[in-house]
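Dumped coords_18.pdb below, it's PDB, C-alpha atoms:
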```pdb
ATOM      1  CA  MET A   1     130.876  83.208 102.848
ATOM      2  CA  LYS A   2     133.278  83.837 100.002
ATOM      3  CA  SER A   3     133.879  87.461  99.151
ATOM      4  CA  LEU A   4     136.031  89.575  96.868
ATOM      5  CA  LYS A   5     138.183  90.214  99.975
ATOM      6  CA  ASP A   6     139.577  86.665  99.645
ATOM      7  CA  LEU A   7     141.099  87.701  96.341
ATOM      8  CA  GLU A   8     143.364  90.189  98.071
ATOM      9  CA  ALA A   9     145.190  87.353  99.820
ATOM     10  CA  ILE A  10     145.507  85.425  96.564
ATOM     11  CA  ARG A  11     146.806  88.583  94.879
ATOM     12  CA  GLU A  12     149.481  89.239  97.499
ATOM     13  CA  LYS A  13     150.673  85.631  97.403
ATOM     14  CA  ALA A  14     150.822  85.698  93.612
ATOM     15  CA  LYS A  15     152.769  88.960  93.569
ATOM     16  CA  LEU A  16     155.272  87.592  96.060
ATOM     17  CA  GLU A  17     155.813  84.369  94.114
ATOM     18  CA  LEU A  18     155.988  86.211  90.806
ATOM     19  CA  SER A  19     158.704  88.533  92.064
ATOM     20  CA  LEU A  20     160.842  85.529  93.014
ATOM     21  CA  ARG A  21     160.634  83.986  89.558
ATOM     22  CA  GLU A  22     160.575  86.849  87.167
ATOM     23  CA  THR A  23     163.450  85.501  85.141
ATOM     24  CA  THR A  24     161.818  82.229  84.064
ATOM     25  CA  GLY A  25     159.573  82.025  80.996
ATOM     26  CA  LYS A  26     155.974  80.932  80.926
ATOM     27  CA  THR A  27     154.574  77.506  80.085
ATOM     28  CA  ARG A  28     151.165  77.497  78.389
ATOM     29  CA  VAL A  29     148.609  74.728  78.687
ATOM     30  CA  ILE A  30     145.844  74.908  76.079
ATOM     31  CA  VAL A  31     142.870  72.575  76.489
ATOM     32  CA  GLY A  32     140.552  71.761  73.552
ATOM     33  CA  MET A  33     137.078  72.912  74.565
ATOM     34  CA  ALA A  34     134.801  72.559  71.533
ATOM     35  CA  THR A  35     131.623  70.430  71.560
ATOM     36  CA  CYS A  36     133.741  67.297  71.064
ATOM     37  CA  GLY A  37     136.177  68.116  73.889
ATOM     38  CA  ILE A  38     133.452  69.161  76.334
ATOM     39  CA  ALA A  39     131.438  65.994  75.712
ATOM     40  CA  ALA A  40     134.576  63.883  76.246
ATOM     41  CA  GLY A  41     135.350  65.526  79.619
ATOM     42  CA  ALA A  42     137.660  68.482  78.906
ATOM     43  CA  ARG A  43     136.308  70.676  81.700
ATOM     44  CA  PRO A  44     137.438  68.450  84.623
ATOM     45  CA  VAL A  45     140.826  68.154  82.901
ATOM     46  CA  MET A  46     141.183  71.919  82.784
ATOM     47  CA  ALA A  47     140.079  72.208  86.427
ATOM     48  CA  ALA A  48     142.676  69.593  87.402
ATOM     49  CA  PHE A  49     145.456  71.560  85.689
ATOM     50  CA  ASN A  50     144.444  74.701  87.585
ATOM     51  CA  GLN A  51     144.132  72.834  90.902
ATOM     52  CA  GLU A  52     147.498  71.129  90.610
ATOM     53  CA  LEU A  53     149.260  74.352  89.574
ATOM     54  CA  GLN A  54     147.693  76.146  92.520
ATOM     55  CA  LEU A  55     148.562  73.323  94.914
ATOM     56  CA  ARG A  56     152.209  73.503  93.874
ATOM     57  CA  GLY A  57     152.224  77.304  93.879
ATOM     58  CA  ILE A  58     153.348  77.481  90.258
ATOM     59  CA  GLN A  59     153.002  80.995  88.848
ATOM     60  CA  THR A  60     154.941  80.339  85.665
ATOM     61  CA  ALA A  61     152.218  78.412  83.823
ATOM     62  CA  SER A  62     148.834  79.468  82.481
ATOM     63  CA  VAL A  63     145.852  77.384  81.408
ATOM     64  CA  SER A  64     143.603  78.460  78.553
ATOM     65  CA  MET A  65     141.326  76.846  76.004
ATOM     66  CA  THR A  66     140.798  76.582  72.293
ATOM     67  CA  GLY A  67     138.216  75.172  69.877
ATOM     68  CA  CYS A  68     138.143  71.998  67.826
ATOM     69  CA  VAL A  69     141.545  70.796  66.670
ATOM     70  CA  GLY A  70     140.038  68.312  64.207
ATOM     71  CA  VAL A  71     140.991  64.977  65.782
ATOM     72  CA  CYS A  72     137.937  64.591  68.021
ATOM     73  CA  ARG A  73     138.606  60.896  68.624
ATOM     74  CA  TYR A  74     141.579  61.899  70.794
ATOM     75  CA  GLU A  75     139.632  64.296  73.053
ATOM     76  CA  PRO A  76     140.054  65.446  75.741
ATOM     77  CA  MET A  77     143.398  66.779  74.577
ATOM     78  CA  CYS A  78     145.761  69.625  75.344
ATOM     79  CA  ASP A  79     148.931  71.265  74.105
ATOM     80  CA  VAL A  80     151.711  72.110  76.535
ATOM     81  CA  ILE A  81     153.911  74.848  75.118
ATOM     82  CA  ASP A  82     157.241  75.221  76.898
ATOM     83  CA  PRO A  83     158.914  78.611  77.404
ATOM     84  CA  ASN A  84     161.220  77.794  74.463
ATOM     85  CA  GLY A  85     158.219  77.330  72.149
ATOM     86  CA  GLU A  86     158.362  73.534  72.046
ATOM     87  CA  LYS A  87     154.868  72.021  71.799
ATOM     88  CA  THR A  88     153.710  68.671  73.166
ATOM     89  CA  THR A  89     150.229  67.348  72.371
ATOM     90  CA  TYR A  90     148.669  65.101  75.007
ATOM     91  CA  VAL A  91     145.549  63.062  74.193
ATOM     92  CA  LYS A  92     142.662  61.139  75.829
ATOM     93  CA  LEU A  93     143.227  62.938  79.113
ATOM     94  CA  ASP A  94     141.581  62.718  82.496
ATOM     95  CA  ALA A  95     142.124  64.630  85.737
ATOM     96  CA  GLU A  96     144.775  62.213  87.082
ATOM     97  CA  MET A  97     146.779  62.404  83.867
ATOM     98  CA  ALA A  98     146.634  66.198  84.017
ATOM     99  CA  LYS A  99     148.152  66.130  87.523
ATOM    100  CA  ARG A 100     150.976  63.890  86.347
ATOM    101  CA  ILE A 101     151.687  66.206  83.402
ATOM    102  CA  VAL A 102     152.008  69.114  85.826
ATOM    103  CA  ALA A 103     154.397  67.167  88.055
ATOM    104  CA  GLU A 104     156.585  65.578  85.389
ATOM    105  CA  HIS A 105     156.423  67.948  82.447
ATOM    106  CA  ILE A 106     155.735  71.432  83.816
ATOM    107  CA  VAL A 107     157.685  71.095  87.074
ATOM    108  CA  ASN A 108     160.483  68.729  86.058
ATOM    109  CA  GLY A 109     160.668  69.270  82.311
ATOM    110  CA  HIS A 110     160.162  65.628  81.304
ATOM    111  CA  VAL A 111     157.562  64.966  78.605
ATOM    112  CA  VAL A 112     155.143  62.169  79.612
ATOM    113  CA  TYR A 113     155.602  60.230  76.356
ATOM    114  CA  GLU A 114     152.955  57.585  77.014
ATOM    115  CA  TYR A 115     150.226  60.275  77.008
ATOM    116  CA  THR A 116     151.325  62.007  73.797
ATOM    117  CA  ILE A 117     149.567  61.872  70.442
ATOM    118  CA  GLY A 118     152.626  60.136  69.023
ATOM    119  CA  ALA A 119     152.267  57.253  71.485
ATOM    120  CA  ALA A 120     148.490  57.053  70.870
ATOM    121  CA  GLU A 121     148.952  56.797  67.113
ATOM    122  CA  LYS A 122     151.360  53.875  67.445
ATOM    123  CA  GLN A 123     148.692  51.785  69.179
TER     124      GLN A 123
ATOM    125  CA  MET B   1     126.233  66.592  76.824
ATOM    126  CA  LYS B   2     124.613  65.396  79.982
ATOM    127  CA  ASP B   3     123.801  68.645  81.708
ATOM    128  CA  LEU B   4     123.137  72.337  81.203
ATOM    129  CA  SER B   5     126.581  73.457  82.395
ATOM    130  CA  LEU B   6     128.258  71.560  79.542
ATOM    131  CA  HIS B   7     125.877  73.140  77.025
ATOM    132  CA  LEU B   8     126.643  76.529  78.547
ATOM    133  CA  MET B   9     130.376  75.925  78.036
ATOM    134  CA  ASP B  10     129.638  75.054  74.418
ATOM    135  CA  ILE B  11     127.453  78.115  73.758
ATOM    136  CA  ALA B  12     129.923  80.443  75.473
ATOM    137  CA  GLN B  13     132.698  79.053  73.272
ATOM    138  CA  ASN B  14     130.675  80.221  70.271
ATOM    139  CA  SER B  15     130.769  83.735  71.748
ATOM    140  CA  THR B  16     134.548  83.616  72.197
ATOM    141  CA  HIS B  17     134.866  82.295  68.653
ATOM    142  CA  ALA B  18     132.775  85.245  67.437
ATOM    143  CA  GLY B  19     135.375  87.613  68.884
ATOM    144  CA  ALA B  20     133.178  88.918  71.717
ATOM    145  CA  HIS B  21     134.587  91.463  74.187
ATOM    146  CA  ARG B  22     131.631  91.131  76.561
ATOM    147  CA  VAL B  23     129.581  88.070  77.405
ATOM    148  CA  ASP B  24     126.633  88.232  79.813
ATOM    149  CA  ILE B  25     125.238  84.975  81.182
ATOM    150  CA  VAL B  26     121.997  84.821  83.153
ATOM    151  CA  LEU B  27     120.487  81.711  84.738
ATOM    152  CA  ALA B  28     117.073  82.368  86.245
ATOM    153  CA  ALA B  29     114.353  80.245  87.793
ATOM    154  CA  GLU B  30     111.102  82.062  87.025
ATOM    155  CA  SER B  31     108.474  81.268  89.616
ATOM    156  CA  GLU B  32     105.444  82.548  87.627
ATOM    157  CA  THR B  33     106.153  80.605  84.448
ATOM    158  CA  ARG B  34     107.851  77.673  86.241
ATOM    159  CA  MET B  35     110.708  77.884  83.750
ATOM    160  CA  LEU B  36     114.483  77.724  84.148
ATOM    161  CA  VAL B  37     115.837  80.224  81.663
ATOM    162  CA  LEU B  38     119.423  80.514  80.466
ATOM    163  CA  THR B  39     120.479  83.491  78.357
ATOM    164  CA  VAL B  40     123.860  84.227  76.808
ATOM    165  CA  LYS B  41     124.416  87.626  75.224
ATOM    166  CA  ASP B  42     127.573  88.642  73.418
ATOM    167  CA  ASP B  43     128.897  91.534  71.354
ATOM    168  CA  GLY B  44     130.677  89.286  68.871
ATOM    169  CA  LYS B  45     130.477  89.407  65.106
ATOM    170  CA  GLY B  46     126.922  88.044  64.953
ATOM    171  CA  MET B  47     125.267  86.018  62.211
ATOM    172  CA  ASP B  48     123.404  87.080  59.099
ATOM    173  CA  ALA B  49     119.747  86.109  58.608
ATOM    174  CA  GLU B  50     120.609  83.307  56.214
ATOM    175  CA  PHE B  51     123.053  81.583  58.631
ATOM    176  CA  LEU B  52     120.779  82.230  61.608
ATOM    177  CA  ALA B  53     117.893  80.499  59.859
ATOM    178  CA  ARG B  54     119.846  77.254  59.600
ATOM    179  CA  VAL B  55     121.938  77.438  62.782
ATOM    180  CA  THR B  56     119.854  74.799  64.594
ATOM    181  CA  ASP B  57     120.446  72.385  61.715
ATOM    182  CA  PRO B  58     123.105  69.779  62.665
ATOM    183  CA  PHE B  59     124.545  70.085  59.173
ATOM    184  CA  THR B  60     125.409  73.733  59.758
ATOM    185  CA  THR B  61     128.774  74.593  61.263
ATOM    186  CA  THR B  62     131.627  77.083  61.068
ATOM    187  CA  ARG B  63     134.086  74.238  61.498
ATOM    188  CA  THR B  64     136.453  73.808  58.630
ATOM    189  CA  THR B  65     137.405  70.273  59.576
ATOM    190  CA  ARG B  66     134.034  68.709  58.748
ATOM    191  CA  LYS B  67     130.408  69.463  58.028
ATOM    192  CA  VAL B  68     128.630  68.586  61.265
ATOM    193  CA  GLY B  69     127.976  70.945  64.186
ATOM    194  CA  LEU B  70     125.955  69.533  67.049
ATOM    195  CA  GLY B  71     126.173  72.121  69.852
ATOM    196  CA  ILE B  72     123.070  74.216  69.250
ATOM    197  CA  PRO B  73     120.877  71.399  67.807
ATOM    198  CA  LEU B  74     121.510  69.225  70.899
ATOM    199  CA  LEU B  75     120.688  72.067  73.296
ATOM    200  CA  LYS B  76     117.479  72.869  71.378
ATOM    201  CA  LEU B  77     116.462  69.217  71.527
ATOM    202  CA  ALA B  78     117.157  69.026  75.275
ATOM    203  CA  ALA B  79     115.066  72.170  75.879
ATOM    204  CA  GLU B  80     112.157  70.967  73.772
ATOM    205  CA  LEU B  81     112.135  67.539  75.431
ATOM    206  CA  SER B  82     111.375  69.290  78.734
ATOM    207  CA  GLY B  83     108.587  71.363  77.199
ATOM    208  CA  GLY B  84     110.828  74.387  76.702
ATOM    209  CA  SER B  85     112.371  76.130  73.745
ATOM    210  CA  LEU B  86     115.457  77.788  72.302
ATOM    211  CA  GLU B  87     115.605  81.078  70.417
ATOM    212  CA  ILE B  88     118.503  83.011  68.944
ATOM    213  CA  ASP B  89     118.611  86.636  67.835
ATOM    214  CA  SER B  90     121.603  87.926  66.006
ATOM    215  CA  GLU B  91     122.749  90.826  63.925
ATOM    216  CA  PRO B  92     126.013  90.992  61.980
ATOM    217  CA  GLY B  93     128.442  93.341  63.710
ATOM    218  CA  LYS B  94     126.237  93.703  66.796
ATOM    219  CA  GLY B  95     126.264  90.352  68.526
ATOM    220  CA  THR B  96     124.137  87.369  69.395
ATOM    221  CA  PHE B  97     121.507  86.692  72.043
ATOM    222  CA  LEU B  98     120.584  83.124  72.875
ATOM    223  CA  ARG B  99     117.720  82.221  75.185
ATOM    224  CA  THR B 100     116.732  78.738  76.168
ATOM    225  CA  GLY B 101     114.019  77.697  78.616
ATOM    226  CA  PHE B 102     113.390  74.419  80.424
ATOM    227  CA  ARG B 103     110.219  73.533  82.301
ATOM    228  CA  LEU B 104     111.275  73.502  85.968
ATOM    229  CA  ASP B 105     109.084  70.582  86.949
ATOM    230  CA  SER B 106     109.599  68.446  83.885
ATOM    231  CA  ILE B 107     111.071  65.046  84.620
ATOM    232  CA  ASP B 108     112.916  65.408  81.315
ATOM    233  CA  ARG B 109     114.709  68.606  82.305
ATOM    234  CA  ILE B 110     118.468  67.973  82.207
ATOM    235  CA  PRO B 111     120.214  68.801  85.520
ATOM    236  CA  VAL B 112     122.073  72.120  85.733
ATOM    237  CA  GLY B 113     125.372  70.327  86.424
ATOM    238  CA  ASP B 114     128.601  72.023  87.412
ATOM    239  CA  ILE B 115     127.789  75.645  86.525
ATOM    240  CA  PRO B 116     130.582  76.924  88.866
ATOM    241  CA  GLY B 117     133.153  74.768  87.048
ATOM    242  CA  THR B 118     132.052  76.063  83.654
ATOM    243  CA  ILE B 119     132.091  79.731  84.671
ATOM    244  CA  ALA B 120     135.433  79.424  86.475
ATOM    245  CA  ALA B 121     136.980  77.822  83.391
ATOM    246  CA  LEU B 122     135.586  80.456  81.026
ATOM    247  CA  MET B 123     136.505  83.472  83.138
ATOM    248  CA  THR B 124     140.072  82.301  83.761
ATOM    249  CA  ALA B 125     140.779  81.030  80.228
ATOM    250  CA  TRP B 126     139.456  83.970  78.191
ATOM    251  CA  THR B 127     141.050  86.706  80.233
ATOM    252  CA  ASP B 128     140.497  89.512  77.698
ATOM    253  CA  ILE B 129     136.723  89.063  77.696
ATOM    254  CA  GLU B 130     134.554  90.847  80.267
ATOM    255  CA  TRP B 131     132.247  88.163  81.672
ATOM    256  CA  THR B 132     129.150  88.682  83.777
ATOM    257  CA  LEU B 133     127.271  85.908  85.522
ATOM    258  CA  CYS B 134     123.892  86.494  87.100
ATOM    259  CA  LEU B 135     121.905  83.866  89.008
ATOM    260  CA  GLN B 136     118.381  84.627  90.118
ATOM    261  CA  SER B 137     115.251  83.152  91.619
ATOM    262  CA  ALA B 138     112.403  84.299  93.833
ATOM    263  CA  LYS B 139     114.728  83.556  96.780
ATOM    264  CA  ASP B 140     117.893  85.423  95.933
ATOM    265  CA  ARG B 141     119.999  87.119  93.297
ATOM    266  CA  TYR B 142     123.750  86.912  92.711
ATOM    267  CA  GLU B 143     126.005  88.669  90.265
ATOM    268  CA  ILE B 144     129.724  88.509  89.615
ATOM    269  CA  THR B 145     131.744  90.242  86.938
ATOM    270  CA  THR B 146     135.324  89.786  85.808
ATOM    271  CA  ALA B 147     135.639  93.601  85.876
ATOM    272  CA  GLU B 148     135.225  93.695  89.673
ATOM    273  CA  ILE B 149     137.575  90.736  90.110
ATOM    274  CA  LYS B 150     140.263  92.328  87.938
ATOM    275  CA  GLU B 151     139.966  95.537  89.944
ATOM    276  CA  VAL B 152     140.780  93.721  93.192
ATOM    277  CA  LEU B 153     143.556  91.698  91.540
ATOM    278  CA  ASP B 154     145.385  94.883  90.590
ATOM    279  CA  GLY B 155     147.548  93.549  87.770
ATOM    280  CA  VAL B 156     147.725  89.890  88.825
ATOM    281  CA  SER B 157     146.198  87.871  85.963
ATOM    282  CA  ILE B 158     142.698  86.486  86.438
ATOM    283  CA  GLY B 159     144.178  83.418  84.719
ATOM    284  CA  ASN B 160     146.320  82.775  87.816
ATOM    285  CA  PRO B 161     145.631  79.121  88.799
ATOM    286  CA  ALA B 162     144.491  80.118  92.292
ATOM    287  CA  ILE B 163     141.608  82.218  90.944
ATOM    288  CA  ALA B 164     139.749  79.361  89.249
ATOM    289  CA  GLY B 165     139.329  77.527  92.549
ATOM    290  CA  TRP B 166     138.114  80.629  94.370
ATOM    291  CA  LEU B 167     135.634  81.400  91.599
ATOM    292  CA  ALA B 168     134.218  77.876  91.539
ATOM    293  CA  GLU B 169     133.738  77.875  95.324
ATOM    294  CA  SER B 170     132.117  81.320  95.338
ATOM    295  CA  ILE B 171     129.665  80.418  92.584
ATOM    296  CA  GLU B 172     128.927  77.076  94.248
ATOM    297  CA  GLU B 173     127.816  78.975  97.367
ATOM    298  CA  ALA B 174     125.689  81.274  95.247
ATOM    299  CA  MET B 175     124.053  78.328  93.457
ATOM    300  CA  THR B 176     122.947  76.952  96.840
ATOM    301  CA  ASN B 177     121.685  80.345  98.018
ATOM    302  CA  VAL B 178     119.778  81.093  94.826
ATOM    303  CA  PHE B 179     118.556  77.683  93.661
ATOM    304  CA  GLY B 180     118.667  75.491  96.801
ATOM    305  CA  GLY B 181     115.262  73.875  97.233
ATOM    306  CA  ILE B 182     114.041  75.395  93.953
ATOM    307  CA  LEU B 183     115.908  73.074  91.624
ATOM    308  CA  ASP B 184     115.493  69.437  92.660
ATOM    309  CA  GLU B 185     119.184  68.711  92.186
ATOM    310  CA  ILE B 186     120.374  71.443  94.592
ATOM    311  CA  ALA B 187     119.710  70.941  98.292
ATOM    312  CA  GLU B 188     118.754  73.891 100.437
ATOM    313  CA  GLY B 189     121.782  75.278 102.306
ATOM    314  CA  SER B 190     122.026  74.902 106.056
TER     315      SER B 190
END
```
What does this structure look like when you write it as structure tokens?
Amino acid sequence: MKSLKDLEAIREKAKLELSLRETTGKTRVIVGMATCGIAAGARPVMAAFNQELQLRGIQTASVSMTGCVGVCRYEPMCDVIDPNGEKTTYVKLDAEMAKRIVAEHIVNGHVVYEYTIGAAEKQ
Amino acid sequence: MKDLSLHLMDIAQNSTHAGAHRVDIVLAAESETRMLVLTVKDDGKGMDAEFLARVTDPFTTTRTTRKVGLGIPLLKLAAELSGGSLEIDSEPGKGTFLRTGFRLDSIDRIPVGDIPGTIAALMTAWTDIEWTLCLQSAKDRYEITTAEIKEVLDGVSIGNPAIAGWLAESIEEAMTNVFGGILDEIAEGS
């Protein structure tokens, strides 16, 4: 049985990891979650971001959602906003792509160009 | 929109868009009426009578990018196809209450889908909103609130990536306890 007690362990781990990395800024992942995004599969994408961040013990990134961005043909999509304010828009995502974005972009700082809206519009 | 959990995500997004501070979600299997009832109540900005009257019309939307809004019309259609219904009450400045019912035994009732995934995503993404989820049936009742979670977390953000997984697993257990054997798509727990 899961209980609120489990959260205490998560809390202590998070506090410990946060204290080690207080100097680094935060990366924000924002997933489009309007009717268009949901129907295209945005929820599993968001879950994959959370899972991969948890798996890698990354405390310096947060995942949130927003409404319709207006280019529904590219859903599911997300913005990754780096600590310096730079924004990358990724399109037509699935769970596997989300994991790769965590590994390459959020951990190593390399934009995954082939998944970006710029690459999609060239096709 | 293949299942109820995706519709719930959609409806709850309307509440966040309305600037709600509190959102209460109840999913209940009513044994007397043989209905599965989903309600979503928020304290957002609400809708006036004129907008409310046409909110189930697909050509009504608050989007500024185009003139079609399909969320509520599709949910109403899904409910009615199973012999159920959808009603919305709203008052400007007070909030909105949406109730939709599905006949439990109807072959046309859409499956509930990944309710835990939807709730985990909502609770961890909209961290300023106080969310309550209640699941109930003749068998069992379960309730979880972000207020009690935040209390235990003591300053660590509920948006921390580890929380979403815990939430989804906890609610998954509750779904089995409350609806196992009552909803066809959820097997009775061991």
For the ChimeraX specification (/B :<9) & /A, applied here, can you spell out every residue it catches as number ranges by chain? A: 1-8, 10-12, 14-15, 30, 33-35, 38-40, 43-44, 46-47, 49-55, 57-59, 61-71
With all atoms listed in the file as the counted atoms, please give the residues lying no more than 10 Å from segment 21-24 of chain B, apart from itself and same-chain residues fewer than 6 positions off, as JSON, numbers by chain. {"B": [12, 15, 39, 40, 41, 42, 43, 44, 95, 96, 97, 126, 128, 129, 130, 131, 132, 133, 134, 145]}
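Using only C-alpha atoms, the shortest contact distance between Cys78 of chain A and any of A:Ala95, A:Ala120, A:Val31, A:Ala9 is found at A:Val31.
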Taking the file as I've supplied it (selection: the PyMOL selection byres ((chain B and resi 47) around 6)), which residues are included? Please answer as number ranges by chain. B: 46, 48, 52, 90-92
For segment 50-62 of chain A, take all atoms listed in the file, fit an axis-aligned box around them, add 8 Å to each of the six sides, then output centre and edge lengths in Å rounded to one decimal, as lines of an AutoDock Vina configuration file.
```
center_x = 149.5
center_y = 76.1
center_z = 88.7
size_x = 26.8
size_y = 25.9
size_z = 28.4
```
Matched chain/residue IDs from the PyMOL selection byres ((chain B and resi 88) around 6), as a list in words: Glu87, Asp89, Phe97 and Leu98 of chain B
Which residues, written as a list in words, have at least one atom at most 10 Å from Asn84 of chain A, with all atoms listed in the file counted and residues fewer than 3 positions away on the same chain left out? Gly25, Lys26, Thr27, Ile81 and Lys87 of chain A
Kindly give the distance, in Å, that separates atom CA of Arg109 of chain B and atom CA of Gly180 of chain B, rounded to a single decimal.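 Calculated distance between atom CA of Arg109 of chain B and atom CA of Gly180 of chain B is 16.5 Å.
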For a test of reading the model, state the distance in Å between atom CA of Ile182 of chain B and atom CA of Ser137 of chain B, rounded to one decimal.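 These two atoms are separated by 8.2 Å.
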Report, in Å with one decimal, the straight-line distance from atom CA of Pro116 of chain B to atom CA of Asp3 of chain B. 12.9 Å
Of the candidates B:Leu77, B:Leu38, B:Gly113, B:Leu4, which shows the shortest atom-to-atom distance to Asp57 of chain B, using all atoms listed in the file? B:Leu77
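Comparing B:Leu74, B:Thr146, B:Gln136, B:Pro111 by their smallest distance to Glu185 of chain B, the closest is B:Pro111 (using only C-alpha atoms).
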Extract, using only C-alpha atoms, all DNA, RNA and protein residues at most 12 Å from Phe179 of chain B, discarding same-chain residues fewer than 6 positions from it, and format them as an NGL selection string. :B and (27-31 or 36 or 104 or 112 or 115 or 135-142 or 171-173 or 185-189)
Find the spatial neighbours of Glu75 of chain A, counting all atoms listed in the file, within a cut-off of 7 Å - ignore same-chain residues fewer than 3 positions away - and output them as number ranges by chain. A: 36-37, 40, 72, 91-92
Could you pull the residues within 6 Å of Tyr90 of chain A, counting all atoms listed in the file, minus those fewer than 6 positions along the same chain, as an MDAnalysis selection string? chainID A and resid 77:78 115:117
Using only C-alpha atoms: which of A:Arg56, A:Gly41, A:Val29, A:Leu18 has the shortest distance to Tyr74 of chain A: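 Closest candidate: A:Gly41.
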From the block I gave, I'd like segment 30-91 of chain B written with C-alpha atoms, as a PDB file, in the first residue's frame.
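Output file selection-v1.pdb follows:
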```pdb
ATOM      1  CA  GLU B  30     -23.504   4.868  -8.161  1.00  0.00           C
ATOM      2  CA  SER B  31     -24.946   1.441  -7.505  1.00  0.00           C
ATOM      3  CA  GLU B  32     -28.630   2.514  -7.274  1.00  0.00           C
ATOM      4  CA  THR B  33     -28.736   4.430 -10.546  1.00  0.00           C
ATOM      5  CA  ARG B  34     -26.094   2.255 -12.272  1.00  0.00           C
ATOM      6  CA  MET B  35     -24.314   5.415 -13.393  1.00  0.00           C
ATOM      7  CA  LEU B  36     -20.650   6.418 -13.450  1.00  0.00           C
ATOM      8  CA  VAL B  37     -20.623  10.081 -12.529  1.00  0.00           C
ATOM      9  CA  LEU B  38     -17.743  12.506 -12.969  1.00  0.00           C
ATOM     10  CA  THR B  39     -17.941  15.977 -11.440  1.00  0.00           C
ATOM     11  CA  VAL B  40     -15.440  18.817 -11.658  1.00  0.00           C
ATOM     12  CA  LYS B  41     -15.992  21.877  -9.489  1.00  0.00           C
ATOM     13  CA  ASP B  42     -13.829  24.971  -9.581  1.00  0.00           C
ATOM     14  CA  ASP B  43     -13.750  28.465  -8.111  1.00  0.00           C
ATOM     15  CA  GLY B  44     -12.579  30.077 -11.340  1.00  0.00           C
ATOM     16  CA  LYS B  45     -14.052  33.087 -13.072  1.00  0.00           C
ATOM     17  CA  GLY B  46     -17.189  31.259 -14.229  1.00  0.00           C
ATOM     18  CA  MET B  47     -19.329  31.910 -17.289  1.00  0.00           C
ATOM     19  CA  ASP B  48     -22.273  34.216 -17.832  1.00  0.00           C
ATOM     20  CA  ALA B  49     -25.681  32.806 -18.810  1.00  0.00           C
ATOM     21  CA  GLU B  50     -25.245  33.748 -22.449  1.00  0.00           C
ATOM     22  CA  PHE B  51     -21.891  31.908 -22.840  1.00  0.00           C
ATOM     23  CA  LEU B  52     -23.101  28.973 -20.750  1.00  0.00           C
ATOM     24  CA  ALA B  53     -26.097  28.505 -23.030  1.00  0.00           C
ATOM     25  CA  ARG B  54     -23.860  27.929 -26.042  1.00  0.00           C
ATOM     26  CA  VAL B  55     -20.876  26.231 -24.386  1.00  0.00           C
ATOM     27  CA  THR B  56     -21.785  22.775 -25.735  1.00  0.00           C
ATOM     28  CA  ASP B  57     -21.824  24.187 -29.267  1.00  0.00           C
ATOM     29  CA  PRO B  58     -18.625  23.198 -31.151  1.00  0.00           C
ATOM     30  CA  PHE B  59     -18.512  26.681 -32.638  1.00  0.00           C
ATOM     31  CA  THR B  60     -18.088  28.227 -29.198  1.00  0.00           C
ATOM     32  CA  THR B  61     -14.592  28.663 -27.812  1.00  0.00           C
ATOM     33  CA  THR B  62     -12.401  31.034 -25.823  1.00  0.00           C
ATOM     34  CA  ARG B  63      -9.526  30.276 -28.164  1.00  0.00           C
ATOM     35  CA  THR B  64      -8.227  33.260 -30.014  1.00  0.00           C
ATOM     36  CA  THR B  65      -6.467  31.209 -32.659  1.00  0.00           C
ATOM     37  CA  ARG B  66      -9.629  29.899 -34.327  1.00  0.00           C
ATOM     38  CA  LYS B  67     -13.356  29.485 -33.915  1.00  0.00           C
ATOM     39  CA  VAL B  68     -13.780  25.816 -33.040  1.00  0.00           C
ATOM     40  CA  GLY B  69     -13.775  24.321 -29.534  1.00  0.00           C
ATOM     41  CA  LEU B  70     -14.465  20.614 -29.303  1.00  0.00           C
ATOM     42  CA  GLY B  71     -13.727  19.642 -25.682  1.00  0.00           C
ATOM     43  CA  ILE B  72     -17.140  19.951 -24.059  1.00  0.00           C
ATOM     44  CA  PRO B  73     -19.218  18.990 -27.155  1.00  0.00           C
ATOM     45  CA  LEU B  74     -17.247  15.727 -27.554  1.00  0.00           C
ATOM     46  CA  LEU B  75     -17.651  14.816 -23.879  1.00  0.00           C
ATOM     47  CA  LYS B  76     -21.403  15.543 -24.024  1.00  0.00           C
ATOM     48  CA  LEU B  77     -21.721  13.348 -27.103  1.00  0.00           C
ATOM     49  CA  ALA B  78     -19.784  10.503 -25.455  1.00  0.00           C
ATOM     50  CA  ALA B  79     -22.017  10.703 -22.356  1.00  0.00           C
ATOM     51  CA  GLU B  80     -25.238  10.761 -24.350  1.00  0.00           C
ATOM     52  CA  LEU B  81     -24.160   7.826 -26.525  1.00  0.00           C
ATOM     53  CA  SER B  82     -24.030   5.702 -23.358  1.00  0.00           C
ATOM     54  CA  GLY B  83     -27.461   6.867 -22.220  1.00  0.00           C
ATOM     55  CA  GLY B  84     -26.024   9.502 -19.896  1.00  0.00           C
ATOM     56  CA  SER B  85     -25.861  13.262 -19.871  1.00  0.00           C
ATOM     57  CA  LEU B  86     -23.744  16.336 -19.225  1.00  0.00           C
ATOM     58  CA  GLU B  87     -24.758  19.436 -17.287  1.00  0.00           C
ATOM     59  CA  ILE B  88     -22.869  22.592 -16.409  1.00  0.00           C
ATOM     60  CA  ASP B  89     -23.712  25.209 -13.797  1.00  0.00           C
ATOM     61  CA  SER B  90     -21.754  28.388 -13.658  1.00  0.00           C
ATOM     62  CA  GLU B  91     -21.847  31.834 -12.184  1.00  0.00           C
TER      63      GLU B  91
END
```
